[in-house]
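Colleague: Data: run27.cif, mmCIF, C-alpha atoms.
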data_query
loop_
_atom_site.label_atom_id
_atom_site.label_comp_id
_atom_site.auth_asym_id
_atom_site.auth_seq_id
_atom_site.Cartn_x
_atom_site.Cartn_y
_atom_site.Cartn_z
CA MET J 132 37.28 9.03 -7.67
CA ALA J 133 33.60 8.31 -6.92
CA TRP J 134 32.08 10.21 -4.00
CA ASN J 135 31.77 7.04 -1.89
CA ASP J 136 35.46 6.16 -2.36
CA ASP J 137 36.39 9.72 -1.44
CA PHE J 138 34.13 9.53 1.64
CA GLU J 139 35.60 6.20 2.77
CA GLN J 140 39.13 7.54 2.40
CA LEU J 141 38.19 10.71 4.26
CA PHE J 142 36.72 8.61 7.09
CA GLN J 143 39.85 6.44 7.35
CA ASP J 144 42.11 9.51 7.31
CA ALA J 145 39.99 11.20 9.98
CA VAL J 146 40.12 8.12 12.23
CA ALA J 147 43.92 8.08 11.95
CA ARG J 148 44.00 11.82 12.63
CA TYR J 149 41.71 11.36 15.64
CA HIS J 150 44.14 8.91 17.24
CA ASN J 151 46.81 11.62 17.08
CA ASN J 152 44.55 14.46 18.25
CA PRO J 153 41.05 13.55 19.53
CA THR J 154 39.76 17.11 19.50
CA PHE J 155 37.37 18.62 17.01
CA ASN J 156 38.34 22.09 15.86
CA GLU J 157 38.35 24.07 12.63
CA ALA J 158 41.64 22.52 11.56
CA PHE J 159 40.60 18.87 11.99
CA PHE J 160 39.37 18.62 8.39
CA THR J 161 41.12 20.21 5.42
CA LYS J 162 39.33 22.74 3.24
CA ARG J 163 39.13 20.14 0.46
CA GLU J 164 37.52 17.66 2.88
CA ILE J 165 35.01 20.27 4.06
CA VAL J 166 34.06 21.03 0.45
CA SER J 167 33.73 17.30 -0.26
CA LEU J 168 31.43 16.86 2.75
CA ALA J 169 29.34 19.87 1.76
CA SER J 170 28.82 18.37 -1.70
CA ILE J 171 26.82 15.56 -0.08
CA GLY J 172 25.03 17.79 2.44
CA TYR J 173 27.32 16.90 5.34
CA LYS J 174 28.88 19.09 8.01
CA PRO J 175 32.32 18.34 9.47
CA GLN J 176 30.90 17.84 12.98
CA GLU J 177 28.59 15.10 11.65
CA LEU J 178 31.48 13.06 10.33
CA PHE J 179 33.63 13.81 13.37
CA ASP J 180 30.97 12.30 15.66
CA TYR J 181 31.14 9.02 13.73
CA VAL J 182 34.93 9.14 13.67
CA GLU J 183 35.02 9.64 17.44
CA ASP J 184 32.58 6.82 18.21
CA TYR J 185 34.35 4.45 15.83
CA ALA J 186 37.80 5.31 17.21
CA GLN J 187 36.61 4.83 20.78
CA ALA J 188 34.10 1.97 20.51
CA GLY J 189 34.40 0.49 17.02
CA LEU J 190 30.81 1.50 16.22
CA PRO J 191 29.16 2.43 14.00
CA SER J 192 31.10 0.46 11.41
CA PRO J 193 32.65 2.30 8.47
CA SER J 194 30.12 0.67 6.14
CA THR J 195 27.24 1.91 8.30
CA VAL J 196 28.73 5.41 8.32
CA LEU J 197 28.96 5.28 4.52
CA LEU J 198 25.35 4.07 4.20
CA ILE J 199 24.11 6.84 6.49
CA ALA J 200 26.05 9.36 4.42
CA ALA J 201 24.60 7.89 1.21
CA THR J 202 21.07 8.25 2.55
CA ARG J 203 21.72 11.83 3.64
CA ARG J 204 23.32 12.52 0.23
CA ASP J 205 20.30 11.14 -1.63
CA TYR J 206 17.93 13.25 0.44
CA PHE J 207 20.13 16.30 -0.07
CA LEU J 208 20.37 15.85 -3.83
CA PHE J 209 16.87 14.61 -4.66
CA VAL J 210 14.60 16.20 -2.07
CA GLN J 211 16.55 19.34 -1.20
CA GLN J 212 17.95 19.63 -4.74
CA GLY J 213 21.44 20.24 -3.42
CA ASN J 214 20.42 23.11 -1.13
CA ILE J 215 19.95 23.24 2.61
CA PRO J 216 17.08 25.60 3.41
CA VAL J 217 18.52 28.58 5.27
CA ASN J 218 15.30 29.53 7.09
CA GLN J 219 15.03 26.29 9.06
CA PRO J 220 16.66 26.33 12.49
CA LEU J 221 18.84 23.49 13.68
CA ILE J 222 17.39 20.89 16.04
CA SER J 223 19.25 21.05 19.34
CA GLU J 224 19.33 18.59 22.22
CA ASN J 225 16.75 20.53 24.24
CA GLN J 226 14.30 20.47 21.29
CA LEU J 227 14.22 16.68 21.11
CA PRO J 228 11.56 14.65 22.88
CA SER J 229 12.68 13.19 26.19
CA PRO J 230 14.24 9.73 26.07
CA ALA J 231 11.31 8.59 28.22
CA ASP J 232 8.66 9.82 25.74
CA GLN J 233 6.83 6.94 24.07
CA ILE J 234 4.77 5.96 21.08
CA GLN J 235 2.50 2.98 21.79
CA GLY J 236 4.60 1.96 24.79
CA ILE J 237 7.95 2.21 22.98
CA PRO J 238 10.17 4.68 24.83
CA TYR J 239 12.77 6.71 22.94
CA LEU J 240 10.96 6.27 19.60
CA PRO J 241 9.69 9.89 19.39
CA ARG J 242 13.21 11.15 20.06
CA LEU J 243 14.73 8.83 17.47
CA ILE J 244 12.19 9.85 14.83
CA LYS J 245 12.97 13.53 15.39
CA LYS J 246 16.71 12.83 15.18
CA ALA J 247 16.27 10.85 11.96
CA GLN J 248 14.18 13.65 10.43
CA GLY J 249 16.87 16.14 11.41
CA LYS J 250 19.63 13.94 9.99
CA LEU J 251 17.86 13.58 6.66
CA CYS J 252 17.35 17.35 6.37
CA GLY J 253 20.82 18.29 7.64
CA ARG J 254 19.25 20.15 10.54
CA LEU J 255 20.88 18.50 13.57
CA SER J 256 22.85 20.91 15.71
CA PRO J 257 26.42 19.95 16.64
CA ASP J 258 25.24 18.67 20.04
CA VAL J 259 22.99 16.00 18.45
CA MET J 260 24.19 12.85 16.72
CA TYR J 261 22.06 10.38 14.79
CA CYS J 262 23.18 6.81 15.53
CA CYS J 263 24.83 7.65 18.85
CA SER J 264 25.28 4.90 21.44
CA ASN J 265 21.72 5.36 22.79
CA ASP J 266 20.27 5.17 19.27
CA ARG J 267 22.32 2.04 18.58
CA LYS J 268 21.06 0.51 21.82
CA PHE J 269 17.46 1.21 20.76
CA PHE J 270 18.03 -0.35 17.34
CA GLN J 271 19.58 -3.46 18.87
CA GLU J 272 16.90 -3.90 21.53
CA HIS J 273 13.99 -3.32 19.14
CA GLY J 274 14.55 -5.95 16.50
CA ASN J 275 18.16 -5.31 15.53
CA ILE J 276 17.12 -2.51 13.18
CA HIS J 277 19.80 -1.13 10.90
CA PRO J 278 20.16 2.66 11.36
CA VAL J 279 19.90 3.22 7.61
CA ASP J 280 16.71 1.19 7.33
CA PHE J 281 15.26 3.41 10.05
CA LEU J 282 16.37 6.57 8.21
CA ARG J 283 14.74 5.32 5.03
CA ILE J 284 11.42 4.46 6.69
CA VAL J 285 11.37 7.90 8.32
CA TRP J 286 12.00 9.44 4.89
CA LEU J 287 9.24 7.36 3.26
CA ALA J 288 6.80 8.09 6.10
CA GLU J 289 6.94 11.82 5.33
CA GLY J 290 6.04 12.86 8.88
CA ASN J 291 3.51 10.10 9.51
CA GLU J 292 4.40 8.09 12.63
CA ALA J 293 2.17 5.10 11.79
CA PRO J 294 4.46 3.42 9.21
CA ILE J 295 7.48 4.00 11.44
CA LEU J 296 5.72 2.43 14.41
CA GLU J 297 4.62 -0.52 12.26
CA PHE J 298 8.20 -0.95 10.99
CA VAL J 299 9.59 -1.04 14.54
CA GLN J 300 6.85 -3.37 15.80
CA ASP J 301 7.45 -5.72 12.86
CA ALA J 302 11.19 -5.76 13.57
CA MET J 303 10.48 -6.53 17.23
CA ARG J 304 8.16 -9.42 16.32
CA GLU J 305 10.61 -10.86 13.79
CA ASN J 306 13.47 -10.88 16.31
CA ILE J 307 11.61 -12.19 19.34
CA PHE J 308 14.03 -15.05 19.95
#
If you convert what's in this file into structure tokens, what do you get?
Modeller:
Amino acid sequence: MAWNDDFEQLFQDAVARYHNNPTFNEAFFTKREIVSLASIGYKPQELFDYVEDYAQAGLPSPSTVLLIAATRRDYFLFVQQGNIPVNQPLISENQLPSPADQIQGIPYLPRLIKKAQGKLCGRLSPDVMYCCSNDRKFFQEHGNIHPVDFLRIVWLAEGNEAPILEFVQDAMRENIF
């Protein structure tokens, strides 16, 4: 089975499991599932957050979850060469910019950039989720940006805010009506 098929099945199984027991603990995922997630640079808590949001609100969609995982997988395999650097600390909630922080008058953008960078590198702590409801609200209100497109522009920008800002501003202009 291809990794994406395995991931989709794992997501569906986890959603069904969540409806029976909506609590994350060490037994939520099987050892095989944990190994499968690790092979794409994913942690169980990352997938659980998407399972929980989808089970409760229907968002993000399973296809979006798969695309986010594919982007993380590509970064993990091609940039990190299948290894998560052990010397880099996780990014926790209190290390993120404030939701009110702005870039060129766009609040929340600094926070979202930092979250996307952490998602790509596998460095988000369990208390931080990329594509949470606040992130999704930002994407919708700023040009209906797809979360994966944002992840990819952050990856391509390599720490430079200018192309990310331009991407968001272009999306806002294109979706003015």
Colleague: Nearest to Tyr239 (chain J): which of J:Glu183, J:Glu224, J:Asp266, J:Asp144 is it, counting all atoms listed in the file?
Modeller: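 For Tyr239 (chain J), the nearest of the candidates is J:Asp266.
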Colleague: Measuring atom to atom with all atoms listed in the file, identify which of J:Leu197, J:Val217, J:Ala247, J:Met260 is nearest to Leu287 (chain J).
Modeller: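 So, comparing all the options, the nearest one is J:Ala247.
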Colleague: Residues at most 8 Å from Gly172 (chain J), counting all atoms listed in the file, excluding those fewer than 5 positions away in the same chain, as a list in words?
Modeller: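 Returned residues: Arg203, Arg204, Phe207, Gly213, Asn214, Ile215 and Gly253 of chain J.
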Colleague: When distances are computed from only C-alpha atoms, which of J:Glu272, J:Glu164, J:Asp280, J:Glu177 shows the smallest separation from Ile237 (chain J)?
Modeller: J:Glu272
Colleague: Please return as a VMD selection string every residue within 10 Å of (2.5, 2.8, 20.7), taking into account only C-alpha atoms and the file's own coordinates.
Modeller: chain J and resid 233 to 238 240 292 to 293 296 to 297 300
Colleague: Could you write out the selected residues, including C-alpha atoms, as a compact mmCIF listing (two decimals), in the frame of the given file?
Modeller:
# COMPACT_ATOMS: atom_id res chain seq x y z
CA GLN J 233 6.83 6.94 24.07
CA ILE J 234 4.77 5.96 21.08
CA GLN J 235 2.50 2.98 21.79
CA GLY J 236 4.60 1.96 24.79
CA ILE J 237 7.95 2.21 22.98
CA PRO J 238 10.17 4.68 24.83
CA LEU J 240 10.96 6.27 19.60
CA GLU J 292 4.40 8.09 12.63
CA ALA J 293 2.17 5.10 11.79
CA LEU J 296 5.72 2.43 14.41
CA GLU J 297 4.62 -0.52 12.26
CA GLN J 300 6.85 -3.37 15.80
Colleague: Of the candidates J:Asp232, J:Arg304, J:Ser170, J:Gln176, which shows the shortest atom-to-atom distance to Glu157 (chain J), using only C-alpha atoms?
Modeller: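 For Glu157 (chain J), the nearest of the given residues is J:Gln176.
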Colleague: Of the candidates J:Asn306, J:Ser229, J:Gln187, J:Gln211, which shows the shortest atom-to-atom distance to Gly274 (chain J), using all atoms listed in the file?
Modeller: J:Asn306
Colleague: Report the residues retrieved by the PyMOL selection byres ((chain J and resi 227) around 10) from the displayed file, expressed as a PyMOL selection string.
Modeller: chain J and resi 222-226+228-230+232+241-246+259
Colleague: Suppose you want the space between CA of Ala145 (chain J) and CA of Val182 (chain J); what is it in Å?
Modeller: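 Here the two named atoms are 6.6 Å from each other.
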Colleague: Please report, as JSON, the centre and edge lengths in Å to one decimal of an axis-aligned box covering all listed atoms of region 202-220 of chain J with 6 Å per side.
Modeller:
{"center_x": 19.0, "center_y": 18.9, "center_z": 3.9, "size_x": 20.7, "size_y": 33.3, "size_z": 29.2}
Colleague: Please indicate the distance in Å from CA of Val299 (chain J) to CA of Ile171 (chain J), rounded to one decimal place.
Modeller: 28.0 Å
Colleague: Report the residues retrieved by the PyMOL selection byres ((chain J and resi 281) around 9) from the displayed file, expressed as a PyMOL selection string.
Modeller: chain J and resi 244+247+270+276-280+282-286+295+298-299
Colleague: Just checking: using all atoms listed in the file, which residue out of J:Ser264, J:Asn275, J:Gln140, J:Thr202 ends up closest to Gly189 (chain J)?
Modeller: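 Answer, going by the shortest atom-to-atom distance: J:Ser264.
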Colleague: Would you mind reading off the distance between CA of Val210 (chain J) and CA of Asp136 (chain J), one decimal, in Å?
Modeller: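 Computing the Euclidean distance for CA of Val210 (chain J) and CA of Asp136 (chain J) yields 23.2 Å.
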Colleague: Env of Leu221 (chain J): 8 Å cut, atoms = only C-alpha atoms, seq-sep filter 3 positions within chain, self excluded. Answer as a list in words.
Modeller: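 Contacts, in chain order: Gly249, Arg254, Leu255 and Ser256 of chain J.
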Colleague: Report as an MDAnalysis selection string the full result of the PyMOL selection byres ((chain J and resi 178) around 12) when it is applied to this structure.
Modeller: chainID J and resid 138:139 141:146 149 155 159:160 164:165 167:169 171:177 179:185 191 193 196:197 199:200 203 250 257 260:262
